[in-house]
>>> print(open('structure.cif').read())   # mmCIF, C-alpha atoms
data_start
loop_
_atom_site.label_atom_id
_atom_site.label_comp_id
_atom_site.auth_asym_id
_atom_site.auth_seq_id
_atom_site.Cartn_x
_atom_site.Cartn_y
_atom_site.Cartn_z
CA MET M 1 -47.00 16.35 -21.89
CA LYS M 2 -47.33 17.57 -18.33
CA ASN M 3 -47.21 13.98 -17.05
CA ASN M 4 -44.01 13.40 -19.02
CA GLU M 5 -42.37 16.41 -17.39
CA GLU M 6 -43.36 15.18 -13.93
CA ASN M 7 -42.01 11.71 -14.67
CA LEU M 8 -38.73 13.21 -15.86
CA LYS M 9 -38.43 15.22 -12.67
CA LYS M 10 -39.05 12.11 -10.58
CA GLU M 11 -36.44 10.14 -12.49
CA SER M 12 -33.93 12.99 -12.16
CA LYS M 13 -34.48 13.03 -8.40
CA LYS M 14 -33.90 9.28 -8.25
CA SER M 15 -30.69 9.65 -10.25
CA LYS M 16 -29.41 12.43 -8.00
CA LEU M 17 -30.22 10.33 -4.94
CA LEU M 18 -28.35 7.37 -6.43
CA ILE M 19 -25.36 9.59 -7.16
CA TYR M 20 -25.36 10.88 -3.57
CA VAL M 21 -25.58 7.32 -2.24
CA LEU M 22 -22.70 6.26 -4.49
CA LEU M 23 -20.49 9.18 -3.47
CA LEU M 24 -21.27 8.68 0.20
CA THR M 25 -20.59 4.96 -0.07
CA LEU M 26 -17.28 5.56 -1.82
CA LEU M 27 -16.26 8.17 0.75
CA VAL M 28 -17.13 5.94 3.71
CA ASN M 29 -15.38 2.96 2.12
CA VAL M 30 -12.24 4.95 1.33
CA LEU M 31 -12.08 6.29 4.89
CA PHE M 32 -12.72 2.83 6.35
CA TYR M 33 -10.12 1.29 4.03
CA GLY M 34 -7.55 3.85 5.14
CA LEU M 35 -8.43 3.15 8.77
CA MET M 36 -8.09 -0.61 8.27
CA ARG M 37 -4.74 -0.16 6.54
CA GLN M 38 -3.46 2.09 9.32
CA ASN M 39 -4.68 -0.39 11.96
CA ALA M 40 -2.84 -3.22 10.17
CA THR M 41 0.33 -1.11 10.08
CA ASP M 42 -0.02 -0.21 13.75
CA GLU M 43 -0.62 -3.86 14.64
CA PHE M 44 2.53 -4.87 12.77
CA GLN M 45 4.57 -2.29 14.65
CA GLN M 46 3.11 -3.37 17.98
CA VAL M 47 3.98 -6.99 17.24
CA GLY M 48 7.45 -5.93 16.15
CA ILE M 49 7.95 -3.95 19.35
CA ALA M 50 6.77 -6.86 21.50
CA LEU M 51 8.87 -9.52 19.75
CA THR M 52 12.08 -7.49 19.49
CA LYS M 53 11.73 -6.43 23.11
CA GLU M 54 11.23 -10.02 24.22
CA VAL M 55 14.20 -11.36 22.25
CA SER M 56 16.44 -8.45 23.24
CA GLN M 57 15.60 -9.03 26.86
CA SER M 58 16.37 -12.73 26.48
CA LEU M 59 19.76 -11.90 24.95
CA LYS M 60 20.55 -9.47 27.73
CA ILE M 61 19.71 -12.14 30.27
CA TRP M 62 21.90 -14.61 28.39
CA VAL M 63 24.85 -12.18 28.37
CA ASN M 64 24.50 -11.56 32.10
CA GLU M 65 24.33 -15.29 32.74
CA GLN M 66 27.51 -15.85 30.72
CA ARG M 67 29.26 -13.16 32.69
CA LYS M 68 28.23 -14.73 35.97
CA MET M 69 29.19 -18.19 34.78
CA ALA M 70 32.54 -16.98 33.48
CA SER M 71 33.21 -15.21 36.77
CA ILE M 72 32.57 -18.44 38.64
CA ILE M 73 34.75 -20.40 36.22
CA SER M 74 37.57 -17.90 36.47
CA ILE M 75 38.04 -18.42 40.20
CA SER M 76 37.77 -22.21 40.09
CA SER M 77 40.74 -24.23 41.33
CA PRO M 78 41.62 -25.91 37.99
CA ILE M 79 41.75 -22.51 36.26
CA SER M 80 43.77 -20.87 39.03
CA GLU M 81 46.36 -23.69 39.05
CA TRP M 82 46.70 -23.65 35.25
CA ILE M 83 47.26 -19.87 35.30
CA LYS M 84 50.11 -20.39 37.78
CA ASN M 85 51.73 -23.26 35.84
CA PRO M 86 50.29 -23.91 32.36
CA GLU M 87 53.08 -26.37 31.49
CA SER M 88 52.11 -28.82 34.23
CA SER M 89 50.50 -31.94 32.76
CA VAL M 90 48.43 -32.33 35.92
CA ASN M 91 47.13 -28.81 35.63
CA GLN M 92 46.41 -29.38 31.94
CA GLU M 93 44.51 -32.57 32.68
CA ASN M 94 42.51 -30.95 35.45
CA VAL M 95 41.64 -27.84 33.45
CA GLY M 96 40.79 -29.97 30.42
CA ARG M 97 38.41 -32.11 32.45
CA TYR M 98 36.82 -29.00 33.91
CA LEU M 99 36.33 -27.26 30.56
CA ARG M 100 34.89 -30.42 28.97
CA LEU M 101 32.37 -30.53 31.78
CA ILE M 102 31.36 -26.95 30.94
CA ILE M 103 30.96 -27.73 27.22
CA SER M 104 28.90 -30.83 27.97
CA ARG M 105 26.50 -28.74 30.03
CA TYR M 106 26.27 -25.73 27.72
CA HIS M 107 25.76 -26.79 24.11
CA GLN M 108 25.86 -23.21 22.81
CA PHE M 109 29.66 -23.29 23.05
CA GLU M 110 31.84 -24.70 20.30
CA ASN M 111 35.02 -24.13 22.26
CA VAL M 112 36.20 -22.65 25.52
CA SER M 113 39.66 -21.10 25.66
CA ILE M 114 41.71 -20.05 28.67
CA ASN M 115 44.39 -17.54 27.82
CA ARG M 116 47.14 -16.17 30.01
CA LEU M 117 50.11 -13.88 29.73
CA LYS M 118 53.21 -15.81 28.78
CA LYS M 119 54.87 -13.84 31.51
CA PRO M 120 52.38 -12.11 33.81
CA ASP M 121 54.87 -9.36 34.62
CA GLN M 122 55.39 -8.44 30.94
CA PRO M 123 53.15 -6.76 28.34
CA TRP M 124 50.86 -8.90 26.27
CA ILE M 125 52.18 -7.47 23.02
CA ASN M 126 55.52 -8.68 21.70
CA PRO M 127 57.47 -5.51 20.92
CA ASN M 128 59.26 -7.24 18.05
CA THR M 129 56.18 -8.56 16.24
CA GLY M 130 53.54 -6.17 17.54
CA LYS M 131 51.32 -9.19 18.21
CA TYR M 132 49.77 -10.50 21.38
CA GLU M 133 51.76 -13.22 23.16
CA LEU M 134 49.32 -15.60 24.87
CA ASP M 135 49.29 -19.10 26.21
CA CYS M 136 45.99 -20.60 25.14
CA TYR M 137 44.45 -23.83 26.28
CA ARG M 138 41.32 -24.64 24.33
CA ILE M 139 38.76 -27.34 24.91
CA GLY M 140 36.06 -28.25 22.42
CA SER M 141 36.23 -29.82 19.02
CA ASP M 142 40.01 -30.00 19.47
CA GLU M 143 39.59 -32.23 22.50
CA GLY M 144 41.95 -30.06 24.51
CA SER M 145 45.33 -28.67 23.56
CA ILE M 146 47.52 -25.66 23.88
CA VAL M 147 46.94 -23.87 20.59
CA LYS M 148 47.58 -20.57 18.94
CA PHE M 149 45.01 -18.07 20.08
CA GLU M 150 42.82 -17.04 17.14
CA ASP M 151 40.67 -14.28 18.58
CA THR M 152 42.51 -10.98 18.71
CA GLU M 153 39.46 -8.68 18.60
CA THR M 154 38.61 -9.16 22.25
CA VAL M 155 42.12 -8.93 23.70
CA GLU M 156 42.61 -5.17 23.62
CA PRO M 157 39.17 -4.34 25.10
CA ILE M 158 39.80 -6.79 27.93
CA LEU M 159 43.18 -5.20 28.56
CA GLU M 160 41.51 -1.81 28.65
CA GLY M 161 39.41 -2.99 31.54
CA LYS M 162 36.17 -4.09 29.91
CA SER M 163 34.16 -6.50 32.05
CA TYR M 164 33.31 -8.47 28.90
CA TYR M 165 33.57 -8.13 25.14
CA VAL M 166 31.81 -9.60 22.10
CA SER M 167 33.69 -10.05 18.83
CA SER M 168 32.44 -9.91 15.26
CA ILE M 169 30.53 -12.84 13.84
CA VAL M 170 33.03 -15.01 11.95
CA LYS M 171 33.23 -18.50 10.50
CA SER M 172 34.88 -20.97 12.79
CA SER M 173 38.25 -22.26 11.61
CA VAL M 174 37.26 -25.63 13.05
CA THR M 175 33.68 -26.17 11.83
CA GLY M 176 33.23 -23.37 9.29
CA LYS M 177 30.02 -22.35 11.01
CA PRO M 178 29.23 -18.84 12.27
CA ILE M 179 30.47 -18.10 15.78
CA PHE M 180 31.46 -15.15 17.91
CA TYR M 181 33.88 -14.85 20.79
CA PHE M 182 32.62 -13.84 24.19
CA SER M 183 35.51 -12.97 26.51
CA ILE M 184 35.84 -11.88 30.15
CA PRO M 185 39.04 -11.13 32.10
CA LEU M 186 40.77 -13.44 34.56
CA THR M 187 42.07 -11.41 37.49
CA ARG M 188 44.31 -12.06 40.44
CA ASN M 189 44.67 -9.43 43.10
CA ASN M 190 42.70 -7.01 40.92
CA GLU M 191 45.16 -7.46 38.06
CA VAL M 192 44.35 -8.96 34.68
CA VAL M 193 46.39 -12.12 34.27
CA GLY M 194 44.43 -13.72 31.44
CA MET M 195 41.03 -14.10 29.84
CA ILE M 196 38.50 -16.81 29.28
CA THR M 197 36.86 -16.89 25.86
CA PHE M 198 33.77 -18.79 24.78
CA SER M 199 33.29 -19.57 21.10
CA VAL M 200 29.53 -19.21 20.89
CA LYS M 201 27.57 -20.88 18.10
CA MET M 202 25.24 -18.49 16.30
CA SER M 203 23.04 -21.50 15.57
CA TYR M 204 22.17 -21.44 19.27
CA PHE M 205 20.45 -18.09 18.89
CA THR M 206 18.81 -19.14 15.64
CA GLU M 207 17.42 -22.35 17.09
CA SER M 208 16.42 -21.01 20.50
CA LEU M 209 15.34 -17.44 19.77
CA ILE M 210 14.86 -16.86 16.04
CA ALA M 211 13.46 -19.98 14.38
CA PRO M 212 10.70 -20.71 16.94
CA ILE M 213 9.18 -17.24 16.57
CA LYS M 214 6.65 -17.14 13.76
CA TYR M 215 3.93 -14.61 13.20
CA ARG M 216 1.14 -15.83 10.97
CA ASN M 217 2.62 -17.27 7.76
CA THR M 218 5.37 -14.85 6.72
CA GLY M 219 6.38 -13.01 9.90
CA TYR M 220 9.75 -13.83 11.46
CA LEU M 221 12.85 -12.35 13.13
CA PHE M 222 16.49 -12.17 12.09
CA PHE M 223 19.76 -10.48 13.11
CA ILE M 224 22.00 -8.25 11.02
CA ASP M 225 25.06 -6.20 11.99
CA ASP M 226 26.49 -2.87 10.93
CA ARG M 227 28.88 -4.56 8.47
CA GLY M 228 25.88 -5.47 6.31
CA GLU M 229 26.01 -9.14 7.28
CA THR M 230 23.10 -11.41 8.16
CA ILE M 231 24.26 -13.05 11.39
CA ALA M 232 21.18 -15.01 12.50
CA HIS M 233 18.33 -16.19 10.30
CA ALA M 234 15.92 -19.11 10.11
CA ASN M 235 17.38 -19.77 6.66
CA SER M 236 20.97 -20.73 7.55
CA SER M 237 22.16 -20.15 3.97
CA TYR M 238 21.64 -16.40 4.48
CA ILE M 239 24.09 -16.21 7.40
CA LEU M 240 27.38 -14.55 6.41
CA SER M 241 26.41 -15.05 2.78
CA ASN M 242 28.23 -13.13 0.06
CA ALA M 243 25.21 -13.19 -2.26
CA THR M 244 24.73 -9.73 -3.76
CA TYR M 245 20.95 -9.69 -3.38
CA LEU M 246 21.34 -10.36 0.36
CA THR M 247 24.00 -7.74 1.01
CA ASP M 248 22.00 -5.19 -0.99
CA ILE M 249 18.82 -5.66 1.02
CA VAL M 250 20.73 -5.68 4.33
CA ASN M 251 22.44 -2.40 3.41
CA GLN M 252 19.02 -0.96 2.54
CA LEU M 253 17.79 -1.97 5.98
CA LEU M 254 20.80 -0.46 7.71
CA SER M 255 20.23 3.01 6.23
CA PRO M 256 17.05 3.79 8.23
CA LEU M 257 18.17 1.76 11.26
CA LYS M 258 21.31 3.85 11.65
CA LEU M 259 19.07 6.93 11.57
CA SER M 260 16.98 5.44 14.40
CA GLU M 261 14.04 4.81 12.09
CA ASN M 262 12.43 1.64 13.35
CA TYR M 263 9.62 1.10 10.83
CA PHE M 264 10.10 0.98 7.08
CA ARG M 265 9.37 -1.15 4.04
CA GLY M 266 11.51 -2.65 1.30
CA ARG M 267 11.49 -5.09 -1.57
CA PHE M 268 13.11 -8.51 -1.25
CA GLN M 269 13.06 -11.07 -4.08
CA GLY M 270 10.17 -9.34 -5.80
CA GLU M 271 8.02 -9.14 -2.66
CA TRP M 272 7.24 -5.98 -0.72
CA LYS M 273 7.98 -6.50 2.97
CA HIS M 274 7.52 -4.41 6.08
CA TYR M 275 10.29 -4.19 8.66
CA TYR M 276 10.55 -3.18 12.27
CA GLY M 277 14.10 -3.11 13.64
CA VAL M 278 15.91 -2.10 16.81
CA PRO M 279 19.56 -2.13 17.83
CA PHE M 280 20.45 -4.94 20.16
CA GLY M 281 20.47 -3.44 23.61
CA LEU M 282 24.12 -3.95 24.56
CA ASP M 283 26.38 -1.00 25.14
CA SER M 284 28.37 -0.39 21.96
CA GLU M 285 31.64 -0.27 23.90
CA TYR M 286 31.23 -3.95 24.74
CA VAL M 287 30.60 -5.24 21.22
CA ARG M 288 32.75 -5.12 18.12
CA ASN M 289 29.81 -4.56 15.79
CA GLN M 290 26.36 -3.19 16.40
CA TRP M 291 23.69 -5.87 16.11
CA TYR M 292 20.17 -5.15 14.91
CA LEU M 293 17.16 -7.31 15.57
CA VAL M 294 14.62 -7.07 12.75
CA PHE M 295 11.03 -8.30 12.48
CA THR M 296 9.49 -8.61 9.03
CA GLU M 297 6.27 -9.67 7.33
CA ASN M 298 5.11 -9.76 3.72
CA GLU M 299 2.94 -6.81 2.75
CA SER M 300 0.46 -9.09 0.99
CA GLU M 301 -0.24 -10.87 4.27
CA LEU M 302 -0.10 -7.74 6.38
CA TYR M 303 -2.86 -6.13 4.33
CA GLU M 304 -4.71 -9.35 3.48
CA GLN M 305 -7.90 -8.38 5.31
CA THR M 306 -7.60 -4.82 4.04
CA ASN M 307 -7.19 -6.02 0.46
CA ARG M 308 -10.24 -8.24 0.82
CA TYR M 309 -12.25 -5.28 1.97
CA LEU M 310 -10.87 -3.27 -0.96
CA LEU M 311 -12.06 -6.03 -3.30
CA VAL M 312 -15.53 -6.02 -1.76
CA MET M 313 -15.58 -2.22 -1.88
CA SER M 314 -14.58 -2.28 -5.55
CA LEU M 315 -17.29 -4.79 -6.39
CA THR M 316 -19.88 -2.75 -4.48
CA SER M 317 -18.80 0.42 -6.25
CA PHE M 318 -18.91 -1.38 -9.59
CA ILE M 319 -22.47 -2.54 -8.92
CA LEU M 320 -23.58 0.93 -7.85
CA ILE M 321 -21.94 2.55 -10.87
CA SER M 322 -23.53 -0.05 -13.13
CA LEU M 323 -26.93 0.69 -11.61
CA LEU M 324 -26.31 4.38 -12.07
CA ILE M 325 -25.35 3.89 -15.72
CA LEU M 326 -28.40 1.70 -16.30
CA ASN M 327 -30.59 4.31 -14.68
CA PHE M 328 -29.07 7.06 -16.84
CA ASN M 329 -29.64 4.93 -19.93
CA ARG M 330 -33.24 4.35 -18.89
CA ILE M 331 -33.76 8.07 -18.32
CA ASP M 332 -32.06 8.86 -21.60
CA ARG M 333 -34.36 6.45 -23.44
CA TYR M 334 -37.36 7.93 -21.65
CA ARG M 335 -36.23 11.44 -22.55
CA SER M 336 -35.79 10.37 -26.15
CA LYS M 337 -39.28 8.92 -26.13
CA VAL M 338 -40.71 12.08 -24.58
CA PHE M 339 -38.79 14.18 -27.08
CA LEU M 340 -40.17 12.22 -29.99
CA GLU M 341 -43.70 12.39 -28.65
CA THR M 342 -43.35 16.11 -28.01
CA HIS M 343 -41.83 16.65 -31.43
CA GLU M 344 -44.66 14.74 -33.09
CA LEU M 345 -47.21 16.70 -31.09
CA LEU M 346 -45.59 20.01 -32.04
CA GLU M 347 -45.43 18.99 -35.67
CA LYS M 348 -49.14 18.04 -35.53
CA GLU M 349 -50.03 21.35 -33.92
CA LEU M 350 -47.90 23.19 -36.47
CA LEU M 351 -49.58 21.31 -39.29
CA GLU M 352 -52.98 22.11 -37.85
CA GLU M 353 -51.98 25.75 -37.59
CA LYS M 354 -50.79 25.77 -41.18
CA LEU M 355 -54.00 24.09 -42.31
CA LYS M 356 -55.98 26.59 -40.33
CA GLN M 357 -54.06 29.45 -41.90
CA LYS M 358 -54.50 27.92 -45.33
CA ASN M 359 -58.20 27.49 -44.77
CA ASN M 360 -58.51 31.08 -43.60
CA GLU M 361 -56.57 32.18 -46.62
CA MET M 362 -58.84 30.21 -48.88
CA VAL M 363 -61.95 31.63 -47.22
CA ARG M 364 -60.50 35.09 -47.52
CA GLN M 365 -59.69 34.47 -51.15
CA VAL M 366 -63.15 33.14 -51.83
CA ASN M 367 -64.68 36.16 -50.17
CA LEU M 368 -62.35 38.38 -52.08
CA ASP M 369 -63.35 36.71 -55.37
CA GLN M 370 -67.03 37.16 -54.54
CA LEU M 371 -66.55 40.79 -53.70
CA THR M 372 -64.64 41.22 -56.96
CA GLY M 373 -67.56 39.59 -58.81
CA ILE M 374 -70.00 41.94 -57.12
CA SER M 375 -67.84 44.85 -58.13
CA HIS M 376 -67.91 43.61 -61.72
CA PHE M 377 -71.64 43.16 -61.55
CA GLN M 378 -72.09 46.69 -60.29
CA SER M 379 -69.87 48.03 -63.04
CA ILE M 380 -71.84 46.16 -65.67
CA GLN M 381 -75.09 47.42 -64.15
CA ARG M 382 -73.88 50.98 -64.23
CA PHE M 383 -72.70 50.46 -67.79
CA LEU M 384 -76.03 49.03 -68.84
CA GLU M 385 -77.98 51.76 -67.13
CA HIS M 386 -75.80 54.32 -68.84
CA GLN M 387 -76.34 52.66 -72.17
CA ILE M 388 -80.07 52.54 -71.62
CA ILE M 389 -80.15 56.20 -70.75
CA GLU M 390 -78.11 57.09 -73.76
CA ALA M 391 -80.20 54.84 -75.97
CA LYS M 392 -83.40 56.51 -74.79
CA ALA M 393 -81.96 59.89 -75.30
CA ALA M 394 -80.38 59.24 -78.67
CA ASP M 395 -82.96 57.07 -80.42
CA THR M 396 -86.43 56.91 -79.15
CA SER M 397 -87.26 54.69 -82.11
CA ALA M 398 -85.27 51.78 -80.80
CA PRO M 399 -87.29 50.40 -77.96
CA SER M 400 -86.31 46.83 -78.69
CA LYS M 401 -82.66 47.58 -77.94
CA ALA M 402 -83.51 49.32 -74.75
CA TRP M 403 -85.71 46.46 -73.83
CA GLN M 404 -82.80 44.04 -74.33
CA PHE M 405 -80.71 46.09 -71.90
CA GLN M 406 -83.55 46.11 -69.47
CA ARG M 407 -83.80 42.38 -69.82
CA LEU M 408 -80.10 42.02 -69.10
CA LYS M 409 -80.39 44.24 -66.12
CA ALA M 410 -82.88 42.07 -64.26
CA PRO M 411 -80.68 38.91 -64.02
CA LEU M 412 -77.78 40.97 -62.88
CA ARG M 413 -79.88 42.45 -60.11
CA LYS M 414 -80.91 38.97 -59.07
CA ARG M 415 -77.31 37.67 -58.93
CA LEU M 416 -76.23 40.72 -56.97
CA ALA M 417 -78.97 40.16 -54.43
CA THR M 418 -78.07 36.47 -54.11
CA THR M 419 -74.40 37.23 -53.58
CA LEU M 420 -75.14 39.84 -50.92
#
>>> encode(input="structure.cif", output="C-alpha cells")
Amino acid sequence: MKNNEENLKKESKKSKLLIYVLLLTLLVNVLFYGLMRQNATDEFQQVGIALTKEVSQSLKIWVNEQRKMASIISISSPISEWIKNPESSVNQENVGRYLRLIISRYHQFENVSINRLKKPDQPWINPNTGKYELDCYRIGSDEGSIVKFEDTETVEPILEGKSYYVSSIVKSSVTGKPIFYFSIPLTRNNEVVGMITFSVKMSYFTESLIAPIKYRNTGYLFFIDDRGETIAHANSSYILSNATYLTDIVNQLLSPLKLSENYFRGRFQGEWKHYYGVPFGLDSEYVRNQWYLVFTENESELYEQTNRYLLVMSLTSFILISLLILNFNRIDRYRSKVFLETHELLEKELLEEKLKQKNNEMVRQVNLDQLTGISHFQSIQRFLEHQIIEAKAADTSAPSKAWQFQRLKAPLRKRLATTL
C-alpha cells in the first residue's frame, strides 16, 4: 500500500510537469505567433512605403519633365507663329508637323492641343454664352485640325496663373480610353496668350509604373481618386468602371485615406486584403482631383508563413494535450486499481476483525457457559449436602438414601474439579 502511494505521487508529479510544459509551450508559441504576425504586418507596410514612394517620385519626375518639355515647346518658332496668325495655312502646316514630331517621340500622349485667345486683347469667356472662346489646333488621332476645345477644367486654373494643371480622369471622346489633360500656359511678354494641353493616356502609367510592379503573388499597386474612381490598375476593366462592387470598395478605401490613415484592411470579392495608401504628392491646387496610390496584398499570402507556424503550433499542442489526456487516463486507471486493491485489503482486514471478534465472542460464551455449569454444579452440591444433612437428622434409619446422595456427590465433585 505504501508503494502504491509513492507511485501515485510520482505519477502526479509527472502530470504536473507535463501540464507546466504544455502551458509554457502554448505561451511561447502564442507570443511567437503574435510576433511573427506583427513582423509580417510591419514588412507589408515597409514594402508599401518603399513602392509608393518610388512610384510617387517617378510621377513627380514625369510631371516636372512635362513642364520643362511644354515650356520648350511653347517658345518654339512654329508655336509662336501660329499664335500670331492661326488662320495661316503655312503656320498650320508648320505647327502640325511640329506637334506630330512630338507625338511620335512621346507615346504617352494621345493628342496635343494648342489653344489661343480668339482675340488676345479680349477675355477668354464669351459674355453672351458664359463659355470660353478658344482657337484650338489639335494633333493626334485627328491628324491635325482646328477643332472645338473639349477640356474646360484646366482653362480657369491656367488663367489664374497656375504654372500647370491636371484635369480629372475622363474617357477620351476619340478613343474611349481613360485620359487626363495636362496643361501649361503659353505666354508672351509675361502675359498669357494661350495654353498647350497634352491628352495623356492613363495606360502609360499602368504599363510603365503599375503593371510591372509585383510583390510575391498577390501584391500590386493601383491608383484611385477622391471621386471614388479607379484610374490606374493592372486590370484595365476596373478603370473608370461603374460596377457597384468596385465603387463600394474604393469608397471604403477613401474613408481612412482622407483621414490620413495609411494602413488598413478590407474585403474585396470575398478575400481579406491589406492596403497601404498615400496621396499622390502633387499640390492639390494643381490637380482637379486628389489621386491616391495604393499598395495591396491578400491577407492569406501576407500571413502565409505565420499561418503555417500556427498550424504546426496547433499540431504540437494537440499532441501534447493528447499525451496529457493519455497520462491522466493511465493515472486514473492506476488509481482505480490501487483503490480496488486497497478496498479489497480493507474488506479482508475488516472480515478478519469481525472473525476475530466473533471468535472472542464464542470463547467468551463458551467460558460463560462453563462458569454457568459450575454454578449449577455448586448449587446441586449444596442441595445434596443439605439433603444429606436433613436426611441424617430426620431419619437415622435410612442410611441407604443418604448413601445414594453421597454417591451422587462424588461425581459432581470430580466434574467440578475437571472444569476448574
>>> closest_residue(input="structure.cif", among="M:Ile83, M:Leu240, M:Leu254, M:Ile184", to="Val112 in chain M", atoms="all atoms listed in the file")
M:Ile184
>>> closest_residue(input="structure.cif", among="M:Glu271, M:Gly194, M:Ser172, M:Phe318", to="Leu159 in chain M", atoms="only C-alpha atoms")
M:Gly194
>>> atom_distance(input="structure.cif", atom1="CA of Gln92 in chain M", atom2="CA of Ile169 in chain M")
29.2 Å
>>> closest_residue(input="structure.cif", among="M:Leu186, M:Ile61, M:Leu350, M:Val250", to="Ser76 in chain M", atoms="all atoms listed in the file")
M:Leu186
>>> resolve_selection(input="structure.cif", expression="the PyMOL selection byres ((chain M and resi 274-288) around 6)", output="MDAnalysis selection string")
chainID M and resid 48 165:168 262:265 273 289 291:297
>>> write_last_selection(input="structure.cif", atoms="C-alpha atoms", output="compact mmCIF listing (two decimals), in the coordinates of the input")
# COMPACT_ATOMS: atom_id res chain seq x y z
CA GLY M 48 7.45 -5.93 16.15
CA TYR M 165 33.57 -8.13 25.14
CA VAL M 166 31.81 -9.60 22.10
CA SER M 167 33.69 -10.05 18.83
CA SER M 168 32.44 -9.91 15.26
CA ASN M 262 12.43 1.64 13.35
CA TYR M 263 9.62 1.10 10.83
CA PHE M 264 10.10 0.98 7.08
CA ARG M 265 9.37 -1.15 4.04
CA LYS M 273 7.98 -6.50 2.97
CA ASN M 289 29.81 -4.56 15.79
CA TRP M 291 23.69 -5.87 16.11
CA TYR M 292 20.17 -5.15 14.91
CA LEU M 293 17.16 -7.31 15.57
CA VAL M 294 14.62 -7.07 12.75
CA PHE M 295 11.03 -8.30 12.48
CA THR M 296 9.49 -8.61 9.03
CA GLU M 297 6.27 -9.67 7.33
>>> atom_distance(input="structure.cif", atom1="CA of Glu110 in chain M", atom2="CA of Lys201 in chain M")
6.1 Å
>>> atom_distance(input="structure.cif", atom1="CA of Phe44 in chain M", atom2="CA of Leu259 in chain M")
20.4 Å
>>> residues_near_point(input="structure.cif", point="(47.9, -4.5, 32.8)", cutoff="8 Å", atoms="only C-alpha atoms", output="ChimeraX atom specification")
/M:123,159,191-193
>>> residues_around(input="structure.cif", residues="Ile210 in chain M", least_positions_apart="5", cutoff="8 Å", atoms="all atoms listed in the file", output="VMD selection string")
chain M and resid 205 220 to 222 232 to 234
>>> axis_aligned_box(input="structure.cif", around="range 216-230 of chain M", padding_each_side="5 Å", output="JSON")
{"center_x": 15.0, "center_y": -10.1, "center_z": 9.7, "size_x": 37.7, "size_y": 24.4, "size_z": 16.8}
>>> closest_residue(input="structure.cif", among="M:Arg382, M:Arg335, M:Arg227, M:Lys171", to="Val200 in chain M", atoms="all atoms listed in the file")
M:Lys171
>>> residues_around(input="structure.cif", residues="Arg37 in chain M", least_positions_apart="5", cutoff="10 Å", atoms="all atoms listed in the file", output="compact mmCIF listing (two decimals) with C-alpha atoms, keeping the file's coordinate frame")
# COMPACT_ATOMS: atom_id res chain seq x y z
CA LEU M 31 -12.08 6.29 4.89
CA PHE M 32 -12.72 2.83 6.35
CA ASP M 42 -0.02 -0.21 13.75
CA GLU M 43 -0.62 -3.86 14.64
CA LEU M 302 -0.10 -7.74 6.38
CA TYR M 303 -2.86 -6.13 4.33
CA GLU M 304 -4.71 -9.35 3.48
CA GLN M 305 -7.90 -8.38 5.31
CA THR M 306 -7.60 -4.82 4.04
CA ASN M 307 -7.19 -6.02 0.46
>>> build_atoms(input="structure.cif", residues="range 245-249 of chain M", atoms="all heavy atoms", output="mmCIF file, in the coordinates of the input")
data_model
loop_
_atom_site.group_PDB
_atom_site.id
_atom_site.type_symbol
_atom_site.label_atom_id
_atom_site.label_comp_id
_atom_site.auth_asym_id
_atom_site.auth_seq_id
_atom_site.Cartn_x
_atom_site.Cartn_y
_atom_site.Cartn_z
ATOM 1 N N TYR M 245 22.318 -10.104 -3.689
ATOM 2 C CA TYR M 245 20.950 -9.690 -3.380
ATOM 3 C C TYR M 245 20.717 -9.613 -1.874
ATOM 4 O O TYR M 245 19.891 -8.816 -1.402
ATOM 5 C CB TYR M 245 19.941 -10.642 -4.033
ATOM 6 C CG TYR M 245 19.850 -12.013 -3.412
ATOM 7 C CD1 TYR M 245 18.880 -12.302 -2.462
ATOM 8 C CD2 TYR M 245 20.725 -13.018 -3.782
ATOM 9 C CE1 TYR M 245 18.784 -13.561 -1.889
ATOM 10 C CE2 TYR M 245 20.642 -14.272 -3.233
ATOM 11 C CZ TYR M 245 19.662 -14.552 -2.284
ATOM 12 O OH TYR M 245 19.587 -15.804 -1.717
ATOM 13 N N LEU M 246 21.473 -10.413 -1.094
ATOM 14 C CA LEU M 246 21.340 -10.360 0.360
ATOM 15 C C LEU M 246 22.050 -9.130 0.936
ATOM 16 O O LEU M 246 21.490 -8.424 1.787
ATOM 17 C CB LEU M 246 21.893 -11.632 0.991
ATOM 18 C CG LEU M 246 21.035 -12.888 0.853
ATOM 19 C CD1 LEU M 246 21.778 -14.104 1.391
ATOM 20 C CD2 LEU M 246 19.723 -12.715 1.604
ATOM 21 N N THR M 247 23.266 -8.895 0.496
ATOM 22 C CA THR M 247 24.000 -7.740 1.010
ATOM 23 C C THR M 247 23.310 -6.439 0.626
ATOM 24 O O THR M 247 23.304 -5.471 1.394
ATOM 25 C CB THR M 247 25.447 -7.744 0.490
ATOM 26 O OG1 THR M 247 25.435 -7.819 -0.947
ATOM 27 C CG2 THR M 247 26.205 -8.954 1.033
ATOM 28 N N ASP M 248 22.707 -6.404 -0.564
ATOM 29 C CA ASP M 248 22.000 -5.190 -0.990
ATOM 30 C C ASP M 248 20.817 -4.898 -0.086
ATOM 31 O O ASP M 248 20.628 -3.749 0.346
ATOM 32 C CB ASP M 248 21.520 -5.345 -2.440
ATOM 33 C CG ASP M 248 22.664 -5.273 -3.446
ATOM 34 O OD1 ASP M 248 23.758 -4.837 -3.046
ATOM 35 O OD2 ASP M 248 22.449 -5.661 -4.608
ATOM 36 N N ILE M 249 20.007 -5.902 0.192
ATOM 37 C CA ILE M 249 18.820 -5.660 1.020
ATOM 38 C C ILE M 249 19.223 -5.330 2.450
ATOM 39 O O ILE M 249 18.611 -4.471 3.097
ATOM 40 C CB ILE M 249 17.855 -6.866 0.981
ATOM 41 C CG1 ILE M 249 16.556 -6.535 1.741
ATOM 42 C CG2 ILE M 249 18.491 -8.108 1.565
ATOM 43 C CD1 ILE M 249 15.764 -5.396 1.186
#
